[in-house]
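First up is the structure itself, then whatever we jot down about it.
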Amino acid sequence: MYRYDSYDQAMVDARVAEFRDQARRRLEGKLTEDQFKPLRLMNGLYLQLHAYMLRVAIPYGTLDARQMEMLADIADKYDRGYGHFTTRQNIQYNWIKLEDCADALADLATVEMHAIQTSGNCIRNISSDHFAGAAADEVVDPRPYAELMRQWSSFHPEFTYLPRKFKIAVIASEKDRAAMRLHDIGVRIVKNDAGEVGAQFYAGGGMGRTPMIAPLIRDFVPIDQFITYAEACLRVYNRYGRRDNKYKARIKILVHELGAGEYIRQVEEEFAHLLSVGVEPPTAELERIKAHFELPEPLRLPGQGAGTPLPSGGAAESGAPGQARGGAFDQWVKRNTHPHRHPEYVSAVISLKPAGGIPGDATSDQMRVVARLAREYSFDELRVMHTQNLLLPHVAITDLPAVYAALDEAGLGAANMDTIEDIIACPGLDYCSLANARSIPLAQRISERFAQTGRTSQVGELKLKISGCINACGHHHAGHIGILGVDKKGVENYQLSLGGSEAEDVALAKITGPGFDEDGVIAAVEKVTDVYLASRTAGERFLDTYRRIGMEPFKEALYG
Amino acid sequence: MSQNLGTSPDEVQFRFRDDEPVDHGTVTVDSALEQTNAAAVRIEPGDDARALLPFLDRLALIEVNFPGFGDGRGYSAARILREAGYAGELRAVGDVLIDQLSHMRRCGFDSFAPDKRLDEEDAARAFATWENVYQRAADARRTIPEKRHEA
Ligand code: SF4
């Protein structure tokens, strides 16, 4: 994985010093809260309902054991012993004190981490496929391209006061595991017929109150013009994105109002101009970055059978003799492993969704267990998934029993990836000052309910996503089932929607009808799964059934 | 022409040029397009800096107004002017704060007339924040990627 050189380290150190200075000027009254706000935001510091929240960047979701251990230490030293992993592959601490913040950032800098541009109206942390570098179906590892973008977008002098925040995702496979087309810019690294690597650009996607799926704006940007093209996209947005209304300021509104064709025309014009200016980093830089992402030796040559899922019971004979491998282990292997490019390895998902737990939360002790497992069993690599889970990207199949035993002991062994228990939920009214309703307790009750009734495995893949307000941080528009908290005359109310997807079959969910109270929405989710179980044909996921039979039967069951 | 528009040389707090500053007011972009003799123009956030490109050689001062520090359109305006070869004074005026100075400098601003005078020491530190930079901009600094691959 990527390692800082002295330049990268100096940039992050300079940022810590700068923030220390800004905090000092704020305390001395030289900066008003209004002036300080965008500065602290650009260092990931938000003011929440009860305290400051610090969001730490985990570029494209990749980190090593040492970094995870630092995240655990920070949770203990400056917070309450836990952290929350987010849908943007970052981690948030909910109880940070302003006076500790510069120290926390300085600690992070010692392990090549930072909170730069994790909030504010700038280019945010770049996200990517959590299986990058391990997935069998990728054209190339997308992370070097994401890293090139990370450097380009860090402290970009022109794009620090954009109309609104700007989120970029980079993937490199047909399958979309990063909700790429729901980003301000989505990039898919591709190869053309001549075998040359290039970038496909999508622009103007997003969730929020006006969800939109990003249209394709360029099929192939030669890779030695990659940054130049991105710069053109951003410049057009910076100049013409709306600034009169915060809710219409994202690039999706610009692309929508101009029409994709006109936005493309303007970008192409700016692109041609910038090519003549020369803003592209030297091509040797991409090569230098790529070298950091070389796979560990044993993983390099994909052999026969690479990328095939483990057959049922496929790990039953693995591990040391005498190791327990009962039904729970088998379930976990079936649910939580993902095919690897090397046939003797898998990627193993560490669920942060124990039934009844808070989605995405991990204690410092759990983080240390995960770090140890990464060191012992996954070539010192970890990932944060956009589903708010963690991942050991490269685990030998023979090591699975040992890994599972350790995870299970730490309360991390839930076998529920992509099931209805694997809920994405925003912080909601428990933390967030913008919330209309609580999301966490609802997620806890639903996962507990489905776990108890044993329905989870019966239902199989079903992505449930919950947002506590229209800002949609819980991605409810993209849920197979989505739940949106609204305020109905001072009472929390929940709107149910069906049929969304953030994957390659991207779609926005549709509202079923009138909302429900908390108990009502839980019952409604059960009813919806009843309809599915009664109507599905062999092999159909919930989403497939919904697409085949449409909304009516569900409405009938809910309101009929 | 409106002589009141624009900042006077006295209001300029930081200037990174040796030539004599223009000693008269600026005109709006619209009037600059009509008057063939205007030498100083003020760009507002909604103006298209490219409208000035045909006249750049007769301009000695372009002010870019930042009515609020959060409106970043002026950064693009500045780079566009420099990319087109504008070599005159490029002045950031309005709600210009300490923490915007280094980025503005990189985008091609070479003089600064903040609404409220800034603390000299804090400003000096701000101008020097970045010993190195990742990306190309209007200041022709060698970037980190370039330095990494120097022969
Ligand atoms: S969706 Fe609303 S309630 Fe939830 S975190 Fe975002 S802003 Fe807060």
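Ordering of the structure tokens sets the chain letters (A, B, ...), residue numbers begin anew at 1 in every chain, and ligands are numbered from 1 in the order given.
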
Tell me, as a PyMOL selection string, which residues lie within 12 Å of Cys101 (chain A), counting only C-alpha atoms; anything in the same chain fewer than 3 positions away does not count.
-> chain A and resi 16-17+19-24+40+43-46+52-56+74+77-79+93+95-98+104-108+114-115

Identify, on the basis of only C-alpha atoms, every residue whose closest approach to Tyr494 (chain A) does not exceed 10 Å; exclude the query and any residue fewer than 5 positions from it along the same chain; express the result as an NGL selection string.
-> :A and (436-439 or 442 or 466-469 or 482-488 or 514-522)

Within 9 Å of chain B: residues of chain A, using only C-alpha atoms, as number ranges by chain = A: 7-8, 10-11, 14-15, 17-18, 21-22, 30, 35, 38-39, 121, 151-163, 235, 238-240, 243, 274, 277-282, 284-285

Ligand 1 neighbours within 7 Å using only C-alpha atoms and all ligand atoms, as a VMD selection string = chain A and resid 426 to 429 432 to 437 467 to 474

If we count only C-alpha atoms, what is near Val93 (chain B) at a cut-off of 10 Å, once residues fewer than 5 positions away on the same chain are taken out, given as a ChimeraX atom specification?
-> /B:6-7,11-12,42-43,63-67,111-115

Tell me, in Å to one decimal, how far CA of His476 (chain A) is from CA of Ala134 (chain A).
->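 Distance between the two atoms: 28.2 Å.
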
Å distance separating CA of Ala406 (chain A) from CA of Val369 (chain A), one decimal place =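 Pair CA of Ala406 (chain A) / CA of Val369 (chain A) returns 7.7 Å.
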
Pairwise distance, CA of Ile264 (chain A) with CA of Ile217 (chain A), equals 6.0 Å

Go through B:Ala92, B:Ala128, B:Ala60, B:Ala51 and flag the residue nearest Asp30 (chain B), using only C-alpha atoms for the distances.
-> B:Ala51

Tell me which protein, DNA and RNA residues are within 12 Å of Pro54 (chain B), counting only C-alpha atoms, leaving out same-chain ones fewer than 6 positions away, and put them as a PyMOL selection string.
-> chain B and resi 32-33+36+81+84-86

Prev. selection, N, CA, C and O atoms, output as an mmCIF file, in the first residue's frame:
data_model
loop_
_atom_site.group_PDB
_atom_site.id
_atom_site.type_symbol
_atom_site.label_atom_id
_atom_site.label_comp_id
_atom_site.auth_asym_id
_atom_site.auth_seq_id
_atom_site.Cartn_x
_atom_site.Cartn_y
_atom_site.Cartn_z
ATOM 1 N N ALA B 32 -15.743 48.005 -19.001
ATOM 2 C CA ALA B 32 -14.437 47.784 -19.634
ATOM 3 C C ALA B 32 -14.610 47.319 -21.075
ATOM 4 O O ALA B 32 -13.813 47.642 -21.955
ATOM 5 N N LEU B 33 -15.679 46.549 -21.308
ATOM 6 C CA LEU B 33 -15.897 46.042 -22.660
ATOM 7 C C LEU B 33 -16.282 47.176 -23.598
ATOM 8 O O LEU B 33 -16.022 47.127 -24.792
ATOM 9 N N THR B 36 -12.604 51.604 -24.486
ATOM 10 C CA THR B 36 -11.379 51.006 -24.992
ATOM 11 C C THR B 36 -10.143 51.516 -24.270
ATOM 12 O O THR B 36 -9.046 51.046 -24.499
ATOM 13 N N LEU B 81 -6.985 34.200 -15.936
ATOM 14 C CA LEU B 81 -6.286 35.394 -16.433
ATOM 15 C C LEU B 81 -4.791 35.137 -16.589
ATOM 16 O O LEU B 81 -4.180 35.490 -17.599
ATOM 17 N N ALA B 84 -3.966 32.986 -19.468
ATOM 18 C CA ALA B 84 -4.075 33.685 -20.752
ATOM 19 C C ALA B 84 -2.911 34.658 -20.941
ATOM 20 O O ALA B 84 -2.873 35.391 -21.928
ATOM 21 N N GLY B 85 -2.009 34.704 -19.975
ATOM 22 C CA GLY B 85 -0.820 35.527 -20.143
ATOM 23 C C GLY B 85 -0.901 36.901 -19.520
ATOM 24 O O GLY B 85 -0.005 37.729 -19.717
ATOM 25 N N TYR B 86 -1.939 37.156 -18.759
ATOM 26 C CA TYR B 86 -2.043 38.463 -18.123
ATOM 27 C C TYR B 86 -0.869 38.660 -17.162
ATOM 28 O O TYR B 86 -0.609 37.823 -16.296
#

Might you pull out every residue within 10 Å of Gln200 (chain A), with only C-alpha atoms counted and same-chain residues fewer than 4 positions away left off, and present them as a VMD selection string?
-> chain A and resid 170 to 172 186 to 191 216 to 223 226

Would you please extract all alpha helix (DSSP H) residues from chain B, as assigned by DSSP on the backbone, and give them as a VMD selection string?
-> chain B and resid 29 to 34 73 to 83 101 to 106 120 to 127 144 to 148

Distance criterion (only C-alpha atoms): nearest to Leu5 (chain B) out of B:Glu150, B:Phe109, B:Pro21, B:Val27 |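 For Leu5 (chain B), the nearest of the candidates is B:Val27.
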